[in-house]
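Engineer: Just so it is clear, I am handing over protein_5.txt, which has compact mmCIF, C-alpha atoms and all ligand atoms.
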# COMPACT_ATOMS: atom_id res chain seq x y z
CA MET P 233 -4.27 1.81 13.63
CA ILE P 234 -1.62 -0.61 12.40
CA GLU P 235 0.92 -2.06 14.78
CA LEU P 236 3.78 -4.40 13.96
CA THR P 237 5.92 -5.79 16.75
CA ASN P 238 9.14 -7.64 16.11
CA VAL P 239 7.94 -9.24 12.87
CA SER P 240 10.39 -11.58 11.16
CA LYS P 241 10.03 -13.70 8.03
CA GLN P 242 12.41 -16.41 6.99
CA TYR P 243 12.26 -17.85 3.45
CA GLY P 244 14.51 -20.89 3.64
CA PRO P 245 17.95 -19.56 4.53
CA LYS P 246 16.91 -15.96 3.73
CA LEU P 247 15.79 -13.68 6.57
CA ALA P 248 13.67 -11.31 4.44
CA VAL P 249 12.13 -9.41 7.39
CA ASP P 250 14.18 -9.03 10.54
CA GLY P 251 12.48 -7.86 13.75
CA VAL P 252 10.34 -5.17 12.15
CA SER P 253 8.35 -2.91 14.52
CA PHE P 254 6.42 0.23 13.61
CA SER P 255 2.95 1.76 13.77
CA ALA P 256 0.79 3.66 11.33
CA VAL P 257 -1.72 5.91 13.04
CA PRO P 258 -5.07 7.51 12.10
CA GLY P 259 -5.02 10.91 10.45
CA ARG P 260 -1.60 10.40 8.89
CA VAL P 261 -0.07 8.96 5.74
CA THR P 262 2.77 6.60 6.62
CA GLY P 263 5.29 5.88 3.88
CA PHE P 264 7.00 2.46 4.10
CA LEU P 265 10.17 2.92 2.13
CA GLY P 266 13.12 0.93 0.97
CA PRO P 267 14.98 -0.27 -2.11
CA ASN P 268 13.92 -3.31 -4.18
CA GLY P 269 14.13 -6.49 -2.14
CA ALA P 270 14.25 -4.66 1.21
CA GLY P 271 11.29 -6.59 2.62
CA LYS P 272 8.35 -4.18 2.09
CA SER P 273 6.02 -6.57 0.27
CA SER P 274 6.87 -9.45 2.60
CA THR P 275 5.95 -7.26 5.59
CA LEU P 276 2.69 -6.08 4.01
CA ARG P 277 1.72 -9.63 3.02
CA ILE P 278 2.09 -10.65 6.68
CA LEU P 279 0.07 -7.63 7.84
CA LEU P 280 -2.72 -8.57 5.40
CA GLY P 281 -2.78 -12.23 6.35
CA VAL P 282 -1.57 -13.42 2.94
CA ASP P 283 1.57 -14.82 4.48
CA ARG P 284 2.50 -15.91 7.99
CA ALA P 285 5.25 -14.33 10.06
CA THR P 286 8.00 -16.61 11.31
CA SER P 287 7.71 -14.64 14.55
CA GLY P 288 6.21 -11.39 15.86
CA THR P 289 2.75 -9.85 15.60
CA ALA P 290 1.07 -7.63 13.03
CA LEU P 291 -2.22 -6.08 14.19
CA ILE P 292 -4.93 -4.05 12.50
CA ASP P 293 -7.14 -2.25 14.99
CA GLY P 294 -5.73 -4.57 17.64
CA GLN P 295 -6.38 -7.82 15.76
CA PRO P 296 -4.50 -9.98 13.30
CA TYR P 297 -6.06 -9.70 9.82
CA PRO P 298 -7.54 -13.25 9.81
CA SER P 299 -9.52 -12.40 12.99
CA LEU P 300 -11.21 -9.31 11.53
CA GLN P 301 -15.01 -9.72 11.36
CA GLN P 302 -15.45 -7.64 8.22
CA PRO P 303 -11.98 -7.34 6.72
CA LEU P 304 -12.88 -5.25 3.66
CA ARG P 305 -14.80 -2.75 5.77
CA THR P 306 -11.84 -2.42 8.13
CA VAL P 307 -8.87 -2.39 5.79
CA GLY P 308 -8.66 -1.76 2.07
CA ALA P 309 -5.60 -3.30 0.49
CA MET P 310 -3.78 -3.33 -2.79
CA LEU P 311 -0.86 -5.72 -3.00
CA ASP P 312 -0.21 -6.51 -6.67
CA GLY P 313 -1.99 -3.82 -8.64
CA ALA P 314 -5.58 -4.80 -9.37
CA SER P 315 -4.89 -8.56 -9.54
CA ALA P 316 -8.03 -8.76 -11.68
CA LEU P 317 -8.67 -11.45 -14.29
CA PRO P 318 -7.66 -10.00 -17.69
CA GLU P 319 -10.87 -11.16 -19.40
CA ARG P 320 -13.08 -9.44 -16.84
CA ARG P 321 -14.44 -5.94 -17.33
CA GLY P 322 -13.29 -3.51 -14.63
CA ILE P 323 -16.83 -3.08 -13.33
CA ASP P 324 -17.35 -6.86 -13.09
CA HIS P 325 -14.18 -7.23 -11.05
CA LEU P 326 -15.59 -4.71 -8.55
CA ARG P 327 -19.07 -6.32 -8.64
CA TRP P 328 -17.57 -9.67 -7.79
CA ILE P 329 -15.69 -8.25 -4.78
CA ALA P 330 -18.72 -6.22 -3.62
CA GLN P 331 -21.07 -9.20 -3.86
CA SER P 332 -18.77 -11.59 -2.07
CA ASN P 333 -18.35 -9.08 0.77
CA ARG P 334 -21.97 -7.88 1.00
CA ILE P 335 -21.04 -4.36 -0.02
CA PRO P 336 -23.92 -2.40 -1.62
CA ALA P 337 -23.70 -2.20 -5.45
CA GLN P 338 -24.02 1.58 -5.28
CA ARG P 339 -20.44 1.75 -3.96
CA ILE P 340 -19.13 0.46 -7.33
CA GLY P 341 -20.09 3.64 -9.18
CA GLU P 342 -18.73 5.77 -6.36
CA VAL P 343 -15.29 4.16 -6.29
CA LEU P 344 -15.03 4.14 -10.09
CA GLU P 345 -15.70 7.88 -9.99
CA THR P 346 -13.15 8.41 -7.21
CA VAL P 347 -10.34 6.78 -9.17
CA GLY P 348 -11.39 8.22 -12.54
CA LEU P 349 -12.34 4.94 -14.23
CA THR P 350 -16.03 5.59 -14.89
CA ASP P 351 -15.56 5.79 -18.66
CA ALA P 352 -13.41 2.64 -18.74
CA ALA P 353 -15.64 0.59 -16.42
CA LYS P 354 -16.86 -1.72 -19.18
CA VAL P 355 -13.48 -2.21 -20.82
CA ARG P 356 -11.78 -5.56 -20.26
CA VAL P 357 -8.90 -5.43 -17.80
CA ARG P 358 -6.45 -6.83 -20.37
CA LYS P 359 -6.87 -3.57 -22.29
CA TYR P 360 -6.08 -1.45 -19.21
CA SER P 361 -2.75 0.33 -18.99
CA LEU P 362 -0.64 -0.38 -15.92
CA GLY P 363 -1.86 2.91 -14.44
CA MET P 364 -5.50 1.95 -15.02
CA GLN P 365 -4.88 -1.40 -13.34
CA GLN P 366 -3.41 0.43 -10.35
CA ARG P 367 -6.49 2.62 -10.20
CA LEU P 368 -8.79 -0.41 -10.39
CA GLY P 369 -6.84 -1.91 -7.49
CA LEU P 370 -7.36 1.26 -5.49
CA ALA P 371 -11.08 1.25 -6.37
CA ALA P 372 -11.36 -2.31 -5.02
CA ALA P 373 -9.54 -1.29 -1.84
CA LEU P 374 -12.02 1.56 -1.31
CA LEU P 375 -15.19 -0.50 -1.84
CA GLY P 376 -15.82 -1.24 1.83
CA GLU P 377 -15.21 2.38 2.95
CA PRO P 378 -12.39 1.16 5.20
CA ARG P 379 -10.81 3.31 7.90
CA ILE P 380 -7.43 1.84 6.98
CA LEU P 381 -5.72 1.64 3.60
CA VAL P 382 -2.64 -0.50 2.93
CA LEU P 383 -1.19 -0.02 -0.54
CA ASP P 384 1.92 -1.68 -1.97
CA GLU P 385 3.57 0.64 -4.51
CA PRO P 386 0.31 2.40 -5.46
CA VAL P 387 1.89 4.86 -7.89
CA ASN P 388 3.89 2.27 -9.83
CA GLY P 389 3.25 2.79 -13.53
CA LEU P 390 1.31 6.02 -13.11
CA ASP P 391 2.13 9.15 -15.08
CA PRO P 392 2.79 12.42 -13.20
CA GLU P 393 -0.88 13.44 -13.32
CA GLY P 394 -1.97 10.03 -12.04
CA ILE P 395 0.60 10.23 -9.26
CA ARG P 396 -0.67 13.66 -8.23
CA THR P 397 -4.28 12.48 -8.24
CA ILE P 398 -3.49 9.52 -5.99
CA ARG P 399 -1.35 11.69 -3.72
CA THR P 400 -4.11 14.27 -3.28
CA PHE P 401 -6.63 11.52 -2.67
CA LEU P 402 -4.52 9.73 -0.05
CA ARG P 403 -3.75 12.97 1.77
CA SER P 404 -7.43 13.89 2.00
CA TYR P 405 -8.32 10.33 3.01
CA ALA P 406 -5.90 10.52 5.94
CA ALA P 407 -7.04 14.05 6.80
CA LYS P 408 -10.52 12.61 7.48
CA GLY P 409 -8.99 10.58 10.32
CA ASN P 410 -8.21 7.42 8.34
CA THR P 411 -4.95 5.47 8.48
CA VAL P 412 -2.94 5.21 5.25
CA LEU P 413 0.11 2.97 4.90
CA LEU P 414 1.80 2.91 1.52
CA SER P 415 4.99 1.28 0.41
CA SER P 416 7.30 2.74 -2.18
CA HIS P 417 10.86 2.64 -3.42
CA LEU P 418 10.42 6.22 -4.66
CA MET P 419 11.81 8.44 -1.92
CA GLY P 420 11.16 11.75 -3.71
CA GLU P 421 7.53 10.92 -4.42
CA THR P 422 6.86 9.64 -0.92
CA GLU P 423 8.39 12.76 0.59
CA GLU P 424 5.55 14.69 -1.09
CA THR P 425 2.85 12.40 0.29
CA ALA P 426 3.81 11.03 3.70
CA ASP P 427 3.56 12.56 7.17
CA ASP P 428 5.50 9.72 8.78
CA VAL P 429 8.11 7.49 7.20
CA VAL P 430 9.44 4.04 8.03
CA ILE P 431 12.62 3.07 6.18
CA ILE P 432 13.52 -0.58 5.71
CA ASN P 433 16.79 -1.86 4.31
CA ARG P 434 17.78 -5.52 4.04
CA GLY P 435 14.83 -6.54 6.20
CA ARG P 436 15.55 -4.13 9.05
CA ILE P 437 14.02 -0.82 10.02
CA ILE P 438 16.77 1.77 9.89
CA ALA P 439 14.69 4.88 10.64
CA SER P 440 11.11 5.79 11.46
CA GLY P 441 9.21 8.82 12.62
CA PRO P 442 7.74 12.08 11.34
CA LEU P 443 9.17 12.97 7.91
CA GLU P 444 10.79 16.15 9.18
CA GLU P 445 12.58 14.25 11.96
CA VAL P 446 13.92 11.54 9.67
CA THR P 447 15.11 14.08 7.09
CA ALA P 448 16.51 16.56 9.66
CA GLY P 449 20.03 17.58 8.72
CA HIS P 450 19.70 16.21 5.16
CA PRO P 451 18.66 18.03 1.99
CA SER P 452 16.12 15.33 1.13
CA LEU P 453 14.71 12.00 2.25
CA GLU P 454 16.79 10.28 -0.41
CA GLU P 455 19.97 11.84 0.96
CA ALA P 456 18.90 10.84 4.49
CA PHE P 457 18.53 7.25 3.25
CA PHE P 458 21.99 7.24 1.65
CA ALA P 459 23.50 8.66 4.83
CA LEU P 460 21.70 6.08 7.00
CA THR P 461 22.80 3.14 4.87
CA GLY P 462 26.28 4.45 4.18
CA THR P 463 25.70 4.15 0.43
CA GLN P 464 26.31 6.75 -2.23
CA SER P 465 23.60 8.36 -4.32
CA GLY P 466 22.71 6.30 -7.35
CA LEU P 467 24.46 3.11 -6.27
CA SER P 468 21.79 1.29 -4.31
CA TRP P 469 18.57 1.84 -6.32
N1 LIG P 501 8.27 -16.37 -1.45
C1 LIG P 501 9.55 -16.07 -1.32
N2 LIG P 501 10.49 -17.03 -1.28
C2 LIG P 501 11.80 -16.75 -1.15
N3 LIG P 501 12.29 -15.50 -1.04
C3 LIG P 501 11.42 -14.49 -1.07
C4 LIG P 501 10.01 -14.71 -1.21
N4 LIG P 501 9.39 -13.50 -1.21
C5 LIG P 501 10.37 -12.58 -1.07
N5 LIG P 501 11.56 -13.16 -0.99
C6 LIG P 501 12.86 -12.48 -0.81
O1 LIG P 501 12.75 -11.67 0.34
C7 LIG P 501 13.39 -10.42 0.13
C8 LIG P 501 12.41 -9.29 0.34
O2 LIG P 501 11.48 -9.26 -0.75
P1 LIG P 501 10.24 -8.27 -0.81
O3 LIG P 501 9.47 -8.61 -2.05
O4 LIG P 501 9.53 -8.28 0.47
O5 LIG P 501 10.97 -6.88 -0.99
P2 LIG P 501 10.38 -5.47 -1.43
O6 LIG P 501 10.99 -4.47 -0.51
O7 LIG P 501 8.91 -5.52 -1.49
O8 LIG P 501 10.99 -5.29 -2.85
P3 LIG P 501 10.32 -4.76 -4.23
O9 LIG P 501 10.28 -3.28 -4.13
O10 LIG P 501 11.32 -5.25 -5.25
O11 LIG P 501 8.98 -5.43 -4.34
C9 LIG P 501 14.00 -10.47 -1.27
O12 LIG P 501 15.33 -10.86 -1.17
C10 LIG P 501 13.18 -11.52 -1.95
O13 LIG P 501 13.93 -12.15 -2.96
Show me this structure written as C-alpha cells.

Structural biologist:
Amino acid sequence: MIELTNVSKQYGPKLAVDGVSFSAVPGRVTGFLGPNGAGKSSTLRILLGVDRATSGTALIDGQPYPSLQQPLRTVGAMLDGASALPERRGIDHLRWIAQSNRIPAQRIGEVLETVGLTDAAKVRVRKYSLGMQQRLGLAAALLGEPRILVLDEPVNGLDPEGIRTIRTFLRSYAAKGNTVLLSSHLMGETEETADDVVIINRGRIIASGPLEEVTAGHPSLEEAFFALTGTQSGLSW
C-alpha cells in the first residue's frame, strides 16, 4: 500500500507539488496522470526517497522509503528508464543490482524472460532501443519480487506491441494482490490499464478514484481531464 498525505515540494519559487494526497492499494493498478510538468515525477521521487518533500508524508507499507529494511524486496521502481551505464551489458546491470541487494542470481534469468530481453541480455545498453531500455528498467524493478511497483512513464518509447505486453503484465501483477502505481501523460493508454486514477495538474490533485467514477459523464478519460481543467482538447498536451 502506498499512502501520500499532503505532500508538497517547493523548488525555489516554484511550488511543483501542492498538497498531494492519494493512496494506491493492493490488487489494483493506479494510474497517476497529468500533462508534462504537472508534478508526477517530483511526487514519485519523494515517494521513492530520491528527493525530500518540503512538507507532508509519503509512506510505503506504512514507512517512508528510507526506513524500509529491504527496499528492493518491498518496492520495485523505475524512475528514468533503465538508468543503466551505456557500456554495461544488460545482464551485468541486473547482476550488479542483484549482488548489491543480496538477491539470488537465478532471478536475473527470470526477469529477463518476463520482459522479453533474454536474447539481448549480453548486448551493451548503448545499443538498446528506448523500448529495450524501458524493459531493462522494468526487469530491474522486478528483481526483488516486490509487492509494490512504482513506474514513471513505463510505456514511454514502446511500440504498440511493447505497450500491450507491459499492460498485460502489470494487470496480472496487480491481480495477484500486488500494488502497481504508474505515471503517464497518456490518458488513452492509461484508461486501458488502470483500475484507479489520480489526476494531477499544476501540482494539485484534481480528481482521484475508480476509473469509472472519474470518467462518469464523459466519453473518455481524456475528455474528463479537459472538462476538469477547463481546457480544450489538444491545447494542453
Ligand atoms: N530539480 C528541480 N528544480 C527546479 N524545478 C523543478 C525540478 N524538478 C522539477 N521541477 C519543476 O517542477 C514542475 C513539475 O515537474 P515534474 O518533472 O515533476 O513534472 P511531470 O509531471 O513529471 O512532467 P513530465 O511528464 O514532463 O516528466 C515542473 O515545472 C518542473 O520544471

Engineer: Which polymer residues have any atom within 12 Å of an atom of P:Ser452, counting only C-alpha atoms, with same-chain residues fewer than 2 positions away left out, as a ChimeraX atom specification?

Structural biologist: /P:419-424,443-450,454-459,465

Engineer: Using all atoms listed in the file, what does the table of chain P residues within 9 Å of ligand LIG 501 (chain P) look like, with each row giving the shortest atom pair and its distance in Å to one decimal, sorted by chain and ascending number, as JSON lines?

Structural biologist:
{"residue": "P:Lys241", "atom": "CA", "partner": "P:LIG501", "partner_atom": "O1", "distance": 8.4}
{"residue": "P:Gln242", "atom": "CA", "partner": "P:LIG501", "partner_atom": "N3", "distance": 8.1}
{"residue": "P:Tyr243", "atom": "CA", "partner": "P:LIG501", "partner_atom": "C2", "distance": 4.8}
{"residue": "P:Gly244", "atom": "CA", "partner": "P:LIG501", "partner_atom": "C2", "distance": 6.9}
{"residue": "P:Pro245", "atom": "CA", "partner": "P:LIG501", "partner_atom": "C2", "distance": 8.8}
{"residue": "P:Lys246", "atom": "CA", "partner": "P:LIG501", "partner_atom": "N3", "distance": 6.7}
{"residue": "P:Leu247", "atom": "CA", "partner": "P:LIG501", "partner_atom": "O1", "distance": 7.2}
{"residue": "P:Ala248", "atom": "CA", "partner": "P:LIG501", "partner_atom": "O1", "distance": 4.2}
{"residue": "P:Val249", "atom": "CA", "partner": "P:LIG501", "partner_atom": "C8", "distance": 7.1}
{"residue": "P:Leu265", "atom": "CA", "partner": "P:LIG501", "partner_atom": "O6", "distance": 7.9}
{"residue": "P:Gly266", "atom": "CA", "partner": "P:LIG501", "partner_atom": "O6", "distance": 6.0}
{"residue": "P:Pro267", "atom": "CA", "partner": "P:LIG501", "partner_atom": "O9", "distance": 5.9}
{"residue": "P:Asn268", "atom": "CA", "partner": "P:LIG501", "partner_atom": "O10", "distance": 3.4}
{"residue": "P:Gly269", "atom": "CA", "partner": "P:LIG501", "partner_atom": "O5", "distance": 3.4}
{"residue": "P:Ala270", "atom": "CA", "partner": "P:LIG501", "partner_atom": "O6", "distance": 3.7}
{"residue": "P:Gly271", "atom": "CA", "partner": "P:LIG501", "partner_atom": "O4", "distance": 3.3}
{"residue": "P:Lys272", "atom": "CA", "partner": "P:LIG501", "partner_atom": "O6", "distance": 3.7}
{"residue": "P:Ser273", "atom": "CA", "partner": "P:LIG501", "partner_atom": "O7", "distance": 3.5}
{"residue": "P:Ser274", "atom": "CA", "partner": "P:LIG501", "partner_atom": "O4", "distance": 3.6}
{"residue": "P:Thr275", "atom": "CA", "partner": "P:LIG501", "partner_atom": "O4", "distance": 6.3}
{"residue": "P:Leu276", "atom": "CA", "partner": "P:LIG501", "partner_atom": "O4", "distance": 8.0}
{"residue": "P:Arg277", "atom": "CA", "partner": "P:LIG501", "partner_atom": "O4", "distance": 8.3}
{"residue": "P:Asp384", "atom": "CA", "partner": "P:LIG501", "partner_atom": "O7", "distance": 8.0}
{"residue": "P:Glu385", "atom": "CA", "partner": "P:LIG501", "partner_atom": "O9", "distance": 7.8}
{"residue": "P:Ser415", "atom": "CA", "partner": "P:LIG501", "partner_atom": "O7", "distance": 8.1}
{"residue": "P:Ser416", "atom": "CA", "partner": "P:LIG501", "partner_atom": "O9", "distance": 7.0}
{"residue": "P:His417", "atom": "CA", "partner": "P:LIG501", "partner_atom": "O9", "distance": 6.0}
{"residue": "P:Ile432", "atom": "CA", "partner": "P:LIG501", "partner_atom": "O6", "distance": 7.8}
{"residue": "P:Asn433", "atom": "CA", "partner": "P:LIG501", "partner_atom": "O6", "distance": 8.0}
{"residue": "P:Arg434", "atom": "CA", "partner": "P:LIG501", "partner_atom": "C8", "distance": 7.5}
{"residue": "P:Gly435", "atom": "CA", "partner": "P:LIG501", "partner_atom": "C8", "distance": 6.9}

Engineer: Nearest to P:Leu291: which of P:Asp324, P:Asp312, P:Glu235, P:Glu345 is it, counting all atoms listed in the file?

Structural biologist: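 Answer, going by the shortest atom-to-atom distance: P:Glu235.
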
Engineer: Quick one: distance from atom CA of P:Leu362 to atom CA of P:Leu390 in Å, one decimal?

Structural biologist: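 Computed distance, atom CA of P:Leu362 to atom CA of P:Leu390, equals 7.3 Å.
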
Engineer: Restricting the calculation to only C-alpha atoms: of P:Asn238, P:Met233, P:Ala256, P:Leu326, which residue gets closest to P:Val430?

Structural biologist: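 Among the listed residues, the smallest separation from P:Val430 belongs to P:Ala256.
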
Engineer: Separation of atom CA of P:Gly281 and atom CA of P:Leu300, in Å?

Structural biologist: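 These two atoms are separated by 10.3 Å.
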
Engineer: Which one of P:Asp293, P:Asp283, P:Glu377, P:Glu319 sits closest to P:Pro258 if you count all atoms listed in the file?

Structural biologist: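 Of P:Asp293, P:Asp283, P:Glu377, P:Glu319, the one nearest P:Pro258 is P:Asp293, counting all atoms listed in the file.
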
Engineer: Nearest residue to P:Ile437 out of P:Thr346, P:Thr461, P:Ser299, P:Asn410, using only C-alpha atoms?

Structural biologist: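 Counting only C-alpha atoms, the residue closest to P:Ile437 is P:Thr461.
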
Engineer: Please produce, as a Markdown table, a per-residue contact table for stretch 244-348 of chain P versus stretch 391-400 of chain P (criterion: any atom at most 12 Å away, all atoms listed in the file considered), showing the nearest atom pair and its distance in Å to one decimal, sorted by chain then residue number.

Structural biologist:
| residue | atom | partner | partner_atom | distance |
| --- | --- | --- | --- | --- |
| P:Val261 | CA | P:Arg399 | CA | 9.9 |
| P:Gly263 | CA | P:Arg399 | CA | 11.6 |
| P:Thr346 | CA | P:Ile398 | CA | 9.8 |
| P:Val347 | CA | P:Ile398 | CA | 8.0 |
| P:Gly348 | CA | P:Thr397 | CA | 9.3 |

Engineer: Take the point (6.1, 9.2, 12.9) as written in the file and pick out every residue within 6 Å of it, counting only C-alpha atoms; give the list as a PyMOL selection string.

Structural biologist: chain P and resi 428+441-442

Engineer: How about saving the chosen residues, C-alpha atoms kept, as a tab-separated table (two decimals), keeping the file's coordinate frame?

Structural biologist:
chain	number	residue	atom	x	y	z
P	428	ASP	CA	5.50	9.72	8.78
P	441	GLY	CA	9.21	8.82	12.62
P	442	PRO	CA	7.74	12.08	11.34

Engineer: For atom CA of P:Arg327 and atom CA of P:Gln302, quote the distance in Å rounded to one decimal.

Structural biologist: 17.3 Å

Engineer: Would you please work out which residue, of P:Gly389, P:Leu381, P:Arg358, P:Asp250, is nearest to P:Leu280 when using all atoms listed in the file?

Structural biologist: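 Under the stated criterion, the closest residue is P:Leu381.
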
Engineer: Identify which of the residues P:Val307, P:Ala337, P:Ala316, P:Ile431 lies closest to P:Lys359, counting only C-alpha atoms when measuring atom-to-atom distances.

Structural biologist: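 With only C-alpha atoms as the atom set, the closest residue is P:Ala316.
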
Engineer: Show me, as a list in words, the residues that have an atom within 9 Å of P:Pro303 when counting all atoms listed in the file, minus same-chain residues fewer than 4 positions from it.

Structural biologist: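 In the requested format, the answer is Tyr297, Pro298, Ser299, Val307, Gly308, Asn333, Gly376 and Pro378 of chain P.
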
Engineer: Take the residues that were just selected and, keeping C-alpha atoms, output them as a short mmCIF file (atom, residue, chain, number, x, y, z; two decimals), in the frame of the given file.

Structural biologist:
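The new file out26.cif reads:
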data_model
loop_
_atom_site.label_atom_id
_atom_site.label_comp_id
_atom_site.auth_asym_id
_atom_site.auth_seq_id
_atom_site.Cartn_x
_atom_site.Cartn_y
_atom_site.Cartn_z
CA TYR P 297 -6.06 -9.70 9.82
CA PRO P 298 -7.54 -13.25 9.81
CA SER P 299 -9.52 -12.40 12.99
CA VAL P 307 -8.87 -2.39 5.79
CA GLY P 308 -8.66 -1.76 2.07
CA ASN P 333 -18.35 -9.08 0.77
CA GLY P 376 -15.82 -1.24 1.83
CA PRO P 378 -12.39 1.16 5.20
#
